[in-house]
>>> print(open('entry_23.cif').read())   # mmCIF, C-alpha atoms and all ligand atoms
data_entry
loop_
_atom_site.label_atom_id
_atom_site.label_comp_id
_atom_site.auth_asym_id
_atom_site.auth_seq_id
_atom_site.Cartn_x
_atom_site.Cartn_y
_atom_site.Cartn_z
CA MET A 150 83.23 -55.46 122.44
CA PRO A 151 86.66 -55.41 120.67
CA ASP A 152 89.25 -52.99 122.13
CA SER A 153 89.84 -51.19 118.88
CA ALA A 154 86.44 -49.50 119.05
CA PRO A 155 86.65 -46.08 117.37
CA HIS A 156 84.95 -43.12 118.98
CA ILE A 157 81.35 -43.40 117.76
CA ASP A 158 79.49 -40.14 117.33
CA LEU A 159 77.06 -40.27 114.45
CA VAL A 160 75.19 -37.12 115.42
CA ASP A 161 77.95 -34.61 114.81
CA PRO A 162 76.86 -32.76 111.62
CA GLU A 163 80.48 -32.09 110.69
CA LEU A 164 81.08 -35.82 110.41
CA TYR A 165 79.11 -35.66 107.16
CA SER A 166 80.85 -32.61 105.69
CA ARG A 167 84.42 -33.21 106.82
CA GLY A 168 84.64 -36.60 108.48
CA ASP A 169 84.30 -40.27 107.65
CA PRO A 170 81.00 -41.77 108.83
CA PHE A 171 81.63 -44.89 106.73
CA SER A 172 84.41 -46.17 108.99
CA GLN A 173 82.16 -45.77 112.06
CA TRP A 174 79.30 -47.55 110.30
CA ALA A 175 81.59 -50.38 109.10
CA TRP A 176 82.80 -50.91 112.67
CA LEU A 177 79.26 -50.91 114.04
CA ARG A 178 78.05 -53.39 111.39
CA ALA A 179 80.85 -55.74 112.34
CA ASN A 180 80.89 -55.28 116.12
CA ASP A 181 77.86 -53.56 117.57
CA PRO A 182 74.92 -53.74 115.16
CA VAL A 183 72.38 -52.52 117.72
CA HIS A 184 74.35 -49.69 119.25
CA TRP A 185 73.05 -47.49 122.06
CA HIS A 186 73.77 -43.83 121.38
CA ARG A 187 73.79 -41.94 124.68
CA PRO A 188 71.53 -38.89 125.10
CA GLY A 189 73.07 -35.45 124.60
CA ASP A 190 71.37 -32.56 122.82
CA LEU A 191 69.38 -35.35 121.19
CA PRO A 192 67.55 -38.07 123.09
CA GLY A 193 69.30 -41.44 123.42
CA PHE A 194 68.57 -43.91 120.62
CA TRP A 195 69.43 -47.31 119.17
CA SER A 196 71.45 -47.30 115.94
CA LEU A 197 70.84 -49.98 113.33
CA THR A 198 73.53 -50.21 110.65
CA ARG A 199 73.07 -53.65 109.00
CA TYR A 200 70.96 -53.99 105.86
CA GLU A 201 68.91 -56.98 107.06
CA ASP A 202 68.23 -55.51 110.51
CA ILE A 203 66.98 -52.28 108.98
CA ARG A 204 64.76 -54.13 106.50
CA THR A 205 63.33 -56.31 109.25
CA ALA A 206 62.52 -53.29 111.43
CA TYR A 207 61.08 -51.43 108.43
CA ARG A 208 58.78 -54.39 107.79
CA ASP A 209 57.45 -54.36 111.36
CA ALA A 210 55.52 -51.08 111.33
CA GLU A 211 53.27 -52.33 114.16
CA THR A 212 56.23 -52.21 116.52
CA PHE A 213 58.20 -49.35 114.96
CA SER A 214 55.94 -46.34 114.59
CA SER A 215 56.39 -43.23 112.43
CA ALA A 216 53.78 -41.12 114.20
CA GLN A 217 56.21 -39.59 116.71
CA GLY A 218 58.58 -38.32 114.03
CA ILE A 219 61.01 -39.92 111.59
CA LEU A 220 64.02 -37.69 112.25
CA LEU A 221 66.08 -37.15 115.39
CA ARG A 222 65.12 -33.90 117.03
CA PRO A 223 66.33 -32.18 120.21
CA ALA A 224 63.86 -32.81 123.04
CA GLU A 225 63.64 -29.04 123.62
CA HIS A 226 62.05 -28.65 120.16
CA GLY A 227 59.06 -30.67 121.35
CA ALA A 228 57.02 -33.06 119.24
CA ASP A 229 57.11 -32.84 115.45
CA PRO A 230 54.08 -30.75 114.39
CA GLY A 231 53.37 -33.19 111.53
CA GLY A 232 53.15 -36.16 113.96
CA GLY A 233 49.97 -38.15 113.33
CA ARG A 234 48.99 -35.78 110.49
CA THR A 235 51.23 -36.09 107.43
CA LEU A 236 51.77 -39.04 105.15
CA ALA A 237 55.28 -39.62 106.42
CA LEU A 238 54.31 -39.26 110.09
CA THR A 239 51.25 -41.46 110.42
CA ASP A 240 50.75 -45.16 111.08
CA ALA A 241 48.09 -47.54 109.77
CA PRO A 242 45.20 -47.16 109.25
CA ARG A 243 45.37 -43.38 108.71
CA HIS A 244 48.61 -43.63 106.77
CA LYS A 245 47.00 -45.95 104.24
CA GLN A 246 44.04 -43.61 103.81
CA LEU A 247 46.26 -40.57 103.24
CA ARG A 248 48.53 -42.47 100.89
CA GLY A 249 45.52 -43.72 98.93
CA LEU A 250 44.59 -40.10 98.17
CA VAL A 251 47.82 -39.33 96.32
CA ASP A 252 49.31 -42.72 95.34
CA GLY A 253 47.86 -42.72 91.83
CA TRP A 254 49.62 -39.44 91.02
CA PHE A 255 52.99 -41.10 91.56
CA ALA A 256 52.27 -44.44 89.86
CA VAL A 257 54.23 -45.54 86.80
CA ARG A 258 51.42 -44.60 84.40
CA SER A 259 51.05 -41.06 85.77
CA VAL A 260 54.79 -40.43 85.80
CA ARG A 261 55.02 -41.69 82.18
CA ALA A 262 52.28 -39.26 81.20
CA LEU A 263 54.38 -36.43 82.65
CA GLU A 264 57.63 -37.58 81.11
CA ALA A 265 57.59 -35.37 78.00
CA GLU A 266 56.97 -32.30 80.14
CA MET A 267 59.71 -33.31 82.58
CA ALA A 268 62.09 -33.83 79.65
CA SER A 269 61.46 -30.31 78.43
CA ILE A 270 62.05 -28.96 81.95
CA ALA A 271 65.39 -30.85 82.07
CA GLU A 272 66.26 -29.52 78.62
CA GLY A 273 65.56 -25.91 79.64
CA VAL A 274 67.57 -26.20 82.84
CA VAL A 275 70.61 -27.74 81.08
CA GLU A 276 70.34 -25.16 78.27
CA ALA A 277 70.40 -22.30 80.80
CA ALA A 278 73.42 -23.82 82.58
CA LEU A 279 75.27 -24.21 79.26
CA GLU A 280 74.60 -20.58 78.40
CA ARG A 281 76.07 -19.56 81.74
CA GLY A 282 79.14 -21.75 81.16
CA SER A 283 79.98 -22.12 84.83
CA CYS A 284 77.50 -22.53 87.63
CA ASP A 285 76.69 -24.21 90.90
CA PHE A 286 75.32 -27.57 89.80
CA VAL A 287 73.29 -27.87 93.03
CA ALA A 288 71.38 -24.59 92.85
CA ASP A 289 71.32 -24.01 89.11
CA VAL A 290 70.67 -27.51 87.78
CA ALA A 291 69.89 -30.18 90.38
CA ALA A 292 67.48 -28.07 92.46
CA ARG A 293 65.38 -26.74 89.62
CA ILE A 294 64.14 -29.90 87.93
CA PRO A 295 62.46 -31.57 90.95
CA LEU A 296 61.10 -28.25 92.16
CA TYR A 297 59.46 -27.36 88.86
CA VAL A 298 58.07 -30.89 88.49
CA ILE A 299 56.49 -31.05 91.96
CA CYS A 300 55.13 -27.49 91.56
CA ARG A 301 53.52 -28.56 88.29
CA MET A 302 51.95 -31.63 89.96
CA MET A 303 50.73 -29.65 92.94
CA GLY A 304 49.04 -27.03 90.77
CA VAL A 305 51.34 -24.16 91.75
CA PRO A 306 50.91 -21.54 88.97
CA GLU A 307 54.05 -21.30 86.83
CA SER A 308 54.38 -17.62 87.72
CA ASP A 309 55.08 -18.70 91.35
CA TRP A 310 57.70 -21.39 90.61
CA GLU A 311 60.66 -19.01 90.97
CA ARG A 312 59.26 -17.71 94.26
CA LEU A 313 59.05 -21.25 95.64
CA TYR A 314 62.50 -21.96 94.24
CA ASP A 315 63.86 -19.02 96.24
CA LEU A 316 61.98 -20.00 99.38
CA THR A 317 63.00 -23.67 99.26
CA SER A 318 66.62 -22.66 98.56
CA GLN A 319 66.56 -20.46 101.67
CA ALA A 320 64.70 -23.05 103.75
CA PHE A 321 67.26 -25.78 102.93
CA ALA A 322 70.36 -23.57 102.92
CA ALA A 323 73.04 -24.07 105.51
CA GLY A 324 73.73 -21.05 107.69
CA ASP A 325 71.37 -18.82 109.57
CA PRO A 326 68.70 -21.05 111.19
CA LEU A 327 66.42 -18.05 111.67
CA ALA A 328 66.44 -17.23 107.94
CA ARG A 329 65.67 -20.90 107.25
CA ARG A 330 62.80 -20.84 109.70
CA PHE A 331 61.31 -17.69 108.14
CA ALA A 332 61.56 -19.13 104.64
CA HIS A 333 59.79 -22.26 105.86
CA LEU A 334 57.03 -20.21 107.45
CA ASP A 335 56.63 -18.39 104.13
CA ILE A 336 56.23 -21.75 102.37
CA LEU A 337 53.53 -22.77 104.85
CA GLY A 338 51.87 -19.37 104.34
CA TYR A 339 51.98 -19.86 100.57
CA PHE A 340 50.19 -23.22 100.89
CA GLU A 341 47.66 -21.76 103.29
CA THR A 342 46.47 -19.44 100.52
CA LEU A 343 46.80 -21.98 97.72
CA GLN A 344 44.85 -24.70 99.55
CA ALA A 345 42.03 -22.24 100.35
CA ASP A 346 41.86 -21.27 96.63
CA LYS A 347 41.85 -24.91 95.55
CA ALA A 348 39.20 -25.87 98.12
CA ARG A 349 36.89 -23.27 96.55
CA ASN A 350 37.99 -23.88 92.99
CA PRO A 351 39.47 -27.35 92.63
CA GLY A 352 41.57 -28.23 89.60
CA ASP A 353 43.34 -31.35 88.38
CA ASP A 354 46.30 -31.23 90.78
CA LEU A 355 47.60 -32.59 94.08
CA VAL A 356 46.75 -29.59 96.25
CA SER A 357 43.14 -29.79 95.03
CA VAL A 358 43.07 -33.51 95.87
CA LEU A 359 44.19 -32.78 99.44
CA ALA A 360 42.07 -29.64 99.85
CA THR A 361 38.88 -31.52 98.94
CA ALA A 362 39.77 -34.92 100.45
CA VAL A 363 37.40 -36.72 102.78
CA VAL A 364 39.01 -39.21 105.20
CA ASP A 365 36.85 -41.15 107.67
CA GLY A 366 33.85 -39.07 106.63
CA GLU A 367 35.61 -35.77 107.41
CA ARG A 368 37.38 -33.18 105.30
CA LEU A 369 41.09 -32.84 106.06
CA SER A 370 41.56 -29.73 108.19
CA PRO A 371 43.33 -26.80 106.47
CA ASP A 372 46.33 -27.36 108.76
CA ASP A 373 46.54 -31.02 107.75
CA VAL A 374 46.36 -30.02 104.08
CA ILE A 375 49.12 -27.44 104.55
CA LEU A 376 51.41 -29.88 106.41
CA ASN A 377 50.88 -32.55 103.73
CA CYS A 378 51.63 -30.00 100.98
CA ASP A 379 54.83 -29.13 102.80
CA ASN A 380 55.67 -32.85 103.09
CA LEU A 381 55.23 -33.24 99.30
CA LEU A 382 57.25 -30.14 98.46
CA VAL A 383 60.12 -31.03 100.78
CA GLY A 384 59.99 -34.74 99.86
CA GLY A 385 59.81 -33.87 96.20
CA THR A 386 62.76 -31.53 96.14
CA GLU A 387 65.34 -31.94 98.87
CA ASN A 388 66.58 -35.50 98.38
CA THR A 389 66.37 -35.40 94.59
CA ARG A 390 68.40 -32.20 94.44
CA ILE A 391 71.16 -33.66 96.60
CA ALA A 392 71.10 -37.07 94.86
CA ALA A 393 71.31 -35.45 91.41
CA ALA A 394 74.26 -33.30 92.49
CA GLY A 395 75.93 -36.09 94.52
CA GLY A 396 75.53 -38.40 91.52
CA MET A 397 77.17 -35.84 89.24
CA LEU A 398 80.03 -35.52 91.70
CA ALA A 399 80.43 -39.32 91.81
CA LEU A 400 80.47 -39.47 87.99
CA LEU A 401 83.09 -36.71 87.85
CA GLU A 402 85.20 -38.49 90.46
CA HIS A 403 84.92 -41.75 88.48
CA PRO A 404 85.54 -40.59 84.89
CA ASP A 405 85.60 -44.18 83.58
CA GLN A 406 82.02 -44.61 84.82
CA TRP A 407 80.87 -41.33 83.27
CA SER A 408 82.53 -42.35 79.96
CA ALA A 409 80.73 -45.69 80.11
CA VAL A 410 77.35 -43.93 80.45
CA ARG A 411 78.17 -41.40 77.74
CA GLY A 412 79.24 -44.22 75.45
CA ASP A 413 76.16 -46.33 76.14
CA PRO A 414 73.05 -44.41 77.26
CA ALA A 415 71.30 -47.77 77.79
CA LEU A 416 73.27 -47.80 81.06
CA LEU A 417 71.32 -44.79 82.37
CA PRO A 418 68.74 -46.80 84.40
CA SER A 419 71.39 -48.88 86.21
CA ALA A 420 73.56 -45.77 86.62
CA VAL A 421 70.63 -44.01 88.32
CA GLU A 422 70.19 -46.94 90.73
CA GLU A 423 73.89 -46.79 91.55
CA VAL A 424 73.68 -43.02 92.04
CA LEU A 425 70.80 -43.63 94.46
CA ARG A 426 72.75 -46.30 96.38
CA TRP A 427 76.02 -44.36 96.39
CA THR A 428 74.59 -40.98 97.39
CA SER A 429 72.06 -42.43 99.88
CA THR A 430 71.04 -38.87 100.65
CA ALA A 431 68.55 -39.65 103.43
CA THR A 432 71.16 -40.23 106.14
CA HIS A 433 68.90 -41.47 108.86
CA ILE A 434 65.28 -42.43 109.35
CA MET A 435 63.88 -42.89 112.85
CA ARG A 436 61.10 -44.95 114.35
CA THR A 437 59.72 -45.15 117.89
CA ALA A 438 59.05 -48.58 119.37
CA VAL A 439 55.47 -48.80 120.62
CA LYS A 440 55.97 -52.23 122.16
CA PRO A 441 59.00 -54.14 123.41
CA ALA A 442 61.14 -55.89 120.80
CA ARG A 443 64.39 -57.83 120.67
CA ILE A 444 66.99 -57.17 118.02
CA HIS A 445 69.93 -59.61 118.28
CA ASP A 446 70.76 -59.62 121.99
CA ARG A 447 69.38 -56.17 122.72
CA GLN A 448 66.11 -55.43 124.43
CA ILE A 449 64.24 -52.47 122.92
CA GLU A 450 61.56 -51.02 125.20
CA ALA A 451 58.33 -49.27 124.23
CA GLY A 452 59.14 -45.58 123.76
CA ASP A 453 62.74 -46.19 122.60
CA LYS A 454 63.92 -44.41 119.48
CA VAL A 455 65.46 -46.63 116.80
CA VAL A 456 67.49 -45.04 114.01
CA PHE A 457 68.18 -46.62 110.62
CA TRP A 458 71.41 -45.42 108.97
CA LEU A 459 70.54 -45.95 105.31
CA PRO A 460 73.98 -45.20 103.78
CA SER A 461 75.38 -47.91 106.08
CA ALA A 462 72.81 -50.47 104.88
CA ASN A 463 73.78 -49.58 101.31
CA ARG A 464 77.43 -50.40 101.99
CA ASP A 465 76.70 -53.67 103.80
CA GLU A 466 79.34 -56.11 102.59
CA THR A 467 77.08 -59.11 103.24
CA VAL A 468 74.59 -57.81 100.65
CA PHE A 469 76.55 -55.86 98.02
CA ASP A 470 79.61 -57.12 96.16
CA ALA A 471 82.43 -54.60 96.49
CA PRO A 472 80.11 -52.10 98.20
CA ASP A 473 82.71 -49.32 98.21
CA VAL A 474 83.03 -49.39 94.43
CA PHE A 475 80.89 -47.02 92.35
CA ASP A 476 79.72 -49.22 89.48
CA VAL A 477 77.12 -47.93 87.03
CA ARG A 478 76.52 -51.50 85.83
CA ARG A 479 75.81 -52.90 89.31
CA SER A 480 73.14 -55.59 89.27
CA PRO A 481 71.34 -56.56 91.41
CA ASN A 482 71.18 -53.29 93.31
CA ARG A 483 68.53 -53.57 96.01
CA HIS A 484 69.53 -50.45 97.92
CA LEU A 485 67.43 -48.94 100.71
CA SER A 486 67.95 -45.30 99.69
CA LEU A 487 64.22 -44.86 99.12
CA GLY A 488 63.22 -46.68 102.29
CA PHE A 489 61.30 -49.94 102.46
CA GLY A 490 57.87 -51.19 103.52
CA GLU A 491 54.69 -49.14 103.97
CA HIS A 492 56.46 -45.80 103.93
CA PHE A 493 58.53 -46.63 100.84
CA CYS A 494 59.20 -43.35 99.03
CA LEU A 495 56.06 -42.10 97.34
CA GLY A 496 58.11 -40.26 94.72
CA SER A 497 60.51 -43.13 93.92
CA MET A 498 59.43 -43.39 90.29
CA LEU A 499 59.46 -39.63 89.85
CA ALA A 500 62.94 -39.32 91.34
CA ARG A 501 64.30 -42.08 89.09
CA VAL A 502 62.85 -40.48 85.97
CA GLU A 503 64.11 -37.00 86.97
CA LEU A 504 67.64 -38.31 87.47
CA ARG A 505 67.55 -40.29 84.21
CA LEU A 506 66.29 -37.29 82.24
CA LEU A 507 68.90 -34.97 83.73
CA TYR A 508 71.91 -37.21 83.06
CA GLY A 509 70.32 -38.25 79.74
CA GLU A 510 70.15 -34.61 78.67
CA LEU A 511 73.84 -34.11 79.48
CA VAL A 512 74.72 -37.29 77.57
CA LYS A 513 72.51 -36.45 74.58
CA ARG A 514 74.13 -33.05 74.15
CA GLY A 515 77.60 -34.44 74.72
CA VAL A 516 78.08 -31.89 77.51
CA ARG A 517 81.63 -31.77 78.80
CA ILE A 518 81.53 -31.04 82.48
CA GLU A 519 84.32 -30.51 84.98
CA LEU A 520 84.79 -29.27 88.51
CA ASP A 521 85.36 -25.54 88.80
CA GLY A 522 86.31 -25.31 92.47
CA GLU A 523 85.99 -27.30 95.67
CA PRO A 524 82.62 -28.95 96.30
CA LYS A 525 81.18 -28.25 99.74
CA LEU A 526 79.27 -30.99 101.56
CA LEU A 527 76.29 -30.39 103.82
CA ASP A 528 76.74 -30.17 107.60
CA SER A 529 73.70 -32.24 108.49
CA ILE A 530 72.72 -35.52 110.10
CA VAL A 531 69.47 -35.60 108.10
CA VAL A 532 70.59 -35.39 104.48
CA ASN A 533 74.09 -35.81 103.10
CA GLY A 534 75.71 -34.72 99.87
CA PRO A 535 76.83 -31.56 98.11
CA GLU A 536 75.67 -28.17 99.24
CA LEU A 537 77.77 -26.48 96.58
CA LEU A 538 79.17 -28.05 93.40
CA PRO A 539 80.89 -25.49 91.17
CA VAL A 540 81.20 -26.82 87.60
CA ARG A 541 82.09 -25.66 84.10
CA LEU A 542 79.93 -27.00 81.29
CA LYS A 543 80.52 -26.95 77.56
CA ALA A 544 78.50 -28.42 74.73
CA SER A 545 80.63 -30.45 72.32
C1 LIG B 1 66.52 -39.26 95.31
C2 LIG B 1 65.37 -38.80 95.74
C3 LIG B 1 64.64 -39.30 96.96
C4 LIG B 1 65.09 -39.99 98.05
C5 LIG B 1 66.52 -40.47 98.33
C6 LIG B 1 63.96 -40.20 98.92
C7 LIG B 1 64.00 -40.92 100.11
C8 LIG B 1 62.89 -41.29 100.83
C9 LIG B 1 62.91 -42.19 101.96
C10 LIG B 1 64.15 -42.87 102.54
C11 LIG B 1 61.63 -42.31 102.41
C12 LIG B 1 61.15 -43.21 103.53
C13 LIG B 1 60.86 -42.47 104.80
C14 LIG B 1 60.51 -43.43 105.93
O1 LIG B 1 60.88 -44.59 105.90
O2 LIG B 1 59.88 -42.98 106.89
C15 LIG B 1 60.82 -41.46 101.58
C16 LIG B 1 59.46 -41.28 101.76
C17 LIG B 1 58.75 -40.31 101.06
N1 LIG B 1 59.16 -39.63 99.94
FE1 LIG B 1 60.96 -39.71 99.07
N2 LIG B 1 62.85 -39.62 98.37
C18 LIG B 1 63.21 -39.07 97.17
C19 LIG B 1 62.40 -38.42 96.28
C20 LIG B 1 61.09 -38.11 96.49
C21 LIG B 1 60.25 -37.38 95.59
C22 LIG B 1 60.62 -36.90 94.18
C23 LIG B 1 59.04 -37.23 96.21
C24 LIG B 1 57.87 -36.54 95.57
C25 LIG B 1 56.84 -36.08 96.17
C26 LIG B 1 59.13 -37.88 97.51
C27 LIG B 1 58.14 -37.93 98.47
C28 LIG B 1 58.16 -38.77 99.56
C29 LIG B 1 57.04 -38.90 100.48
C30 LIG B 1 55.72 -38.12 100.44
C31 LIG B 1 57.41 -39.87 101.42
C32 LIG B 1 56.59 -40.39 102.59
C33 LIG B 1 55.87 -41.64 102.12
C34 LIG B 1 55.11 -42.32 103.22
O3 LIG B 1 55.42 -42.10 104.38
O4 LIG B 1 54.20 -43.08 102.87
N3 LIG B 1 60.39 -38.40 97.65
N4 LIG B 1 61.60 -40.86 100.62
#
>>> encode(input="entry_23.cif", output="structure tokens")
Amino acid sequence: MPDSAPHIDLVDPELYSRGDPFSQWAWLRANDPVHWHRPGDLPGFWSLTRYEDIRTAYRDAETFSSAQGILLRPAEHGADPGGGRTLALTDAPRHKQLRGLVDGWFAVRSVRALEAEMASIAEGVVEAALERGSCDFVADVAARIPLYVICRMMGVPESDWERLYDLTSQAFAAGDPLARRFAHLDILGYFETLQADKARNPGDDLVSVLATAVVDGERLSPDDVILNCDNLLVGGTENTRIAAAGGMLALLEHPDQWSAVRGDPALLPSAVEEVLRWTSTATHIMRTAVKPARIHDRQIEAGDKVVFWLPSANRDETVFDAPDVFDVRRSPNRHLSLGFGEHFCLGSMLARVELRLLYGELVKRGVRIELDGEPKLLDSIVVNGPELLPVRLKAS
């Protein structure tokens, strides 16, 4: 290993708010692509940082299982309660059965059918922000669109959307872990009641689908329904909120790119792809080897944790031209921000449309937007991007 090895510590949350993970990842890609991270508060794990290595491991779901959790977690927290039960935390064949229940709701045709409604949600949110003049783009704009959309799809009555907005904001907020935990328990409690109502009185929505689903000849248990609802709510809101805000920050930091999009709205789809690559909000995804495997010269044993650093894959210089340049015209742009393989993001189409509608609304109204204070980045090894993005907005 070359002498100039920097100190590698990818599990320090402050690295993502105040530090520079990209230089550590660049060094690992070049020098130690299958890096052993020693145990500490977290168990020891292998780090993959190269695009092709991550794609290859993603493709081999028979070796690299999701059922024991997909995020690093201190051993003292025990096993992930969703393990073997939720869409994200199951392996074939159960994963395929669960995914088959909800897949159609997220297909191109279904998302198109929702587009007019999503556009009016985006319009309302931007309108409210303009009336306020200055706001936190994360909480007041980016968080609301995905939350309202997933609530609508899940059959949450509109009168409860603000309540879930408050609870998800508290559950994802930095700060007091106990307050976060309580908010999360309230979300689970909310779905406990909703799924029981929908099981008795099903409607045309995702919670009804899950509450009445039969898999392998058996109804999903109420707990499985609740955990899958939580998976959809968290999946549907957290990453999209941070990507939308991180994308806005990137556009503000690269005014030439924002001008290009404003001047030519046909660039919106490629700009959204670049926002997804650049923000790469899912920082790591984990798998557990269930049989031995070899990656380059390293021997992975059954039971070993293997972590994919997605933002590193998305800056891999062997795959992307000028990877450290934010380019709204980038093509091709085969980023891994939404994962790859069997667990490829269920809401990928939804997320893309939400981002396009949000930036499209700002472009359409000729909104002038500027920073109104220092952005604050999240202290987290799970998701990265803005926690706070104070902006001033003005319609032109
Ligand atoms: C910018 C926004 C988003 C990003 C960056 C993102 C990222 C990801 C990633 C990386 C995965 C793969 C996890 C793995 O490999 O184990 C994933 C899976 C998933 N995502 Fe997203 N996601 C986004 C938006 C959404 C939305 C809007 C939904 C709506 C419900 C959603 C729901 C899910 C679900 C349910 C899974 C698990 C799929 C499975 O395991 O089969 N995501 N997402």
>>> residues_around(input="entry_23.cif", residues="Arg517 of chain A", least_positions_apart="5", cutoff="8 Å", atoms="only C-alpha atoms", output="list of chain:residue names")
A:Leu542, A:Lys543, A:Ala544, A:Ser545
>>> closest_atom_pairs(input="entry_23.cif", of="chain A", to="ligand LIG 1 (chain B)", cutoff="7 Å", atoms="all atoms listed in the file", output="CSV")
residue,atom,partner,partner_atom,distance
A:Ser215,CA,B:LIG1,O2,6.6
A:Ile219,CA,B:LIG1,O2,5.7
A:Leu236,CA,B:LIG1,O3,4.8
A:Ala237,CA,B:LIG1,O3,3.2
A:Leu238,CA,B:LIG1,O3,6.5
A:His244,CA,B:LIG1,O4,6.8
A:Arg248,CA,B:LIG1,O4,6.0
A:Pro295,CA,B:LIG1,C22,6.5
A:Ile299,CA,B:LIG1,C25,6.6
A:Asn380,CA,B:LIG1,C30,5.9
A:Leu381,CA,B:LIG1,C25,4.5
A:Leu382,CA,B:LIG1,C25,6.4
A:Gly384,CA,B:LIG1,C27,3.9
A:Gly385,CA,B:LIG1,C24,3.4
A:Thr386,CA,B:LIG1,C22,6.1
A:Asn388,CA,B:LIG1,C2,4.4
A:Thr389,CA,B:LIG1,C2,3.7
A:Ala392,CA,B:LIG1,C1,5.1
A:Leu425,CA,B:LIG1,C1,6.2
A:Ser429,CA,B:LIG1,C5,6.1
A:Thr430,CA,B:LIG1,C5,5.3
A:Ala431,CA,B:LIG1,C10,5.5
A:Ile434,CA,B:LIG1,C14,6.0
A:Ser486,CA,B:LIG1,C5,5.2
A:Leu487,CA,B:LIG1,C10,4.0
A:Gly488,CA,B:LIG1,C10,3.9
A:Phe489,CA,B:LIG1,O1,6.4
A:Glu491,CA,B:LIG1,O4,6.2
A:His492,CA,B:LIG1,O4,3.7
A:Phe493,CA,B:LIG1,C12,5.1
A:Cys494,CA,B:LIG1,C16,3.4
A:Leu495,CA,B:LIG1,C28,4.5
A:Gly496,CA,B:LIG1,C23,3.5
A:Ser497,CA,B:LIG1,C19,5.6
A:Leu499,CA,B:LIG1,C22,5.2
A:Ala500,CA,B:LIG1,C22,4.4
>>> atom_distance(input="entry_23.cif", atom1="atom CA of Val290 of chain A", atom2="atom CA of Ser461 of chain A")
27.8 Å
>>> closest_residue(input="entry_23.cif", among="A:Val356, A:Val531, A:Val363, A:Val421", to="Pro460 of chain A", atoms="only C-alpha atoms")
A:Val531
>>> closest_residue(input="entry_23.cif", among="A:Cys378, A:Ala322, A:Leu459, A:Met267", to="Pro170 of chain A", atoms="all atoms listed in the file")
A:Leu459
>>> residues_around(input="entry_23.cif", residues="Arg478 of chain A", least_positions_apart="6", cutoff="12 Å", atoms="all atoms listed in the file", output="list in words")
Asp405, Gln406, Trp407, Ala409, Val410, Asp413, Pro414, Ala415, Leu416, Leu417, Pro418, Ser419, Ala420, Val421, Glu422, Glu423 and Val424 of chain A
>>> closest_residue(input="entry_23.cif", among="A:Asp169, A:Asp209, A:Glu264, A:Asp446", to="Glu503 of chain A", atoms="all atoms listed in the file")
A:Glu264
>>> closest_residue(input="entry_23.cif", among="A:Leu263, A:Phe469, A:Ala399, A:Ala328", to="Pro524 of chain A", atoms="all atoms listed in the file")
A:Ala399
>>> atom_distance(input="entry_23.cif", atom1="atom CA of Val540 of chain A", atom2="atom CA of Thr432 of chain A")
25.0 Å
>>> closest_atom_pairs(input="entry_23.cif", of="segment 358-474 of chain A", to="segment 182-186 of chain A", cutoff="10 Å", atoms="all atoms listed in the file", output="JSON lines")
{"residue": "A:Ile444", "atom": "CA", "partner": "A:Val183", "partner_atom": "CA", "distance": 7.1}
{"residue": "A:His445", "atom": "CA", "partner": "A:Val183", "partner_atom": "CA", "distance": 7.5}
{"residue": "A:Asp446", "atom": "CA", "partner": "A:Val183", "partner_atom": "CA", "distance": 8.4}
{"residue": "A:Arg447", "atom": "CA", "partner": "A:Val183", "partner_atom": "CA", "distance": 6.9}
{"residue": "A:Gln448", "atom": "CA", "partner": "A:Val183", "partner_atom": "CA", "distance": 9.6}
{"residue": "A:Ile449", "atom": "CA", "partner": "A:Val183", "partner_atom": "CA", "distance": 9.7}
{"residue": "A:Lys454", "atom": "CA", "partner": "A:Trp185", "partner_atom": "CA", "distance": 10.0}
{"residue": "A:Val455", "atom": "CA", "partner": "A:Val183", "partner_atom": "CA", "distance": 9.1}
{"residue": "A:Val456", "atom": "CA", "partner": "A:Val183", "partner_atom": "CA", "distance": 9.7}
>>> closest_residue(input="entry_23.cif", among="A:Asp325, A:Ser153, A:Leu359, A:Ser172", to="Gly249 of chain A", atoms="only C-alpha atoms")
A:Leu359
>>> closest_residue(input="entry_23.cif", among="A:Asp181, A:Ser283, A:Ala210, A:Phe171", to="Ala438 of chain A", atoms="only C-alpha atoms")
A:Ala210
>>> atom_distance(input="entry_23.cif", atom1="atom CA of Arg390 of chain A", atom2="atom CA of Ser408 of chain A")
22.6 Å
>>> residues_around(input="entry_23.cif", residues="Asp465 of chain A", least_positions_apart="5", cutoff="8 Å", atoms="all atoms listed in the file", output="short mmCIF file (atom, residue, chain, number, x, y, z; two decimals) with C-alpha atoms, keeping the file's coordinate frame")
data_model
loop_
_atom_site.label_atom_id
_atom_site.label_comp_id
_atom_site.auth_asym_id
_atom_site.auth_seq_id
_atom_site.Cartn_x
_atom_site.Cartn_y
_atom_site.Cartn_z
CA ALA A 175 81.59 -50.38 109.10
CA ARG A 178 78.05 -53.39 111.39
CA ARG A 199 73.07 -53.65 109.00
CA TYR A 200 70.96 -53.99 105.86
CA PRO A 472 80.11 -52.10 98.20
#
>>> residues_around(input="entry_23.cif", residues="Pro371 of chain A", least_positions_apart="5", cutoff="12 Å", atoms="all atoms listed in the file", output="number ranges by chain")
A: 234, 337-338, 340-348, 356-357, 359-362, 376-378
>>> residues_around(input="entry_23.cif", residues="Asn463 of chain A", least_positions_apart="5", cutoff="7 Å", atoms="all atoms listed in the file", output="PDB file with C-alpha atoms, keeping the file's coordinate frame")
ATOM      1  CA  TYR A 200      70.960 -53.990 105.860  1.00  0.00           C
ATOM      2  CA  ARG A 426      72.750 -46.300  96.380  1.00  0.00           C
ATOM      3  CA  HIS A 484      69.530 -50.450  97.920  1.00  0.00           C
ATOM      4  CA  LEU A 485      67.430 -48.940 100.710  1.00  0.00           C
TER       5      LEU A 485
END
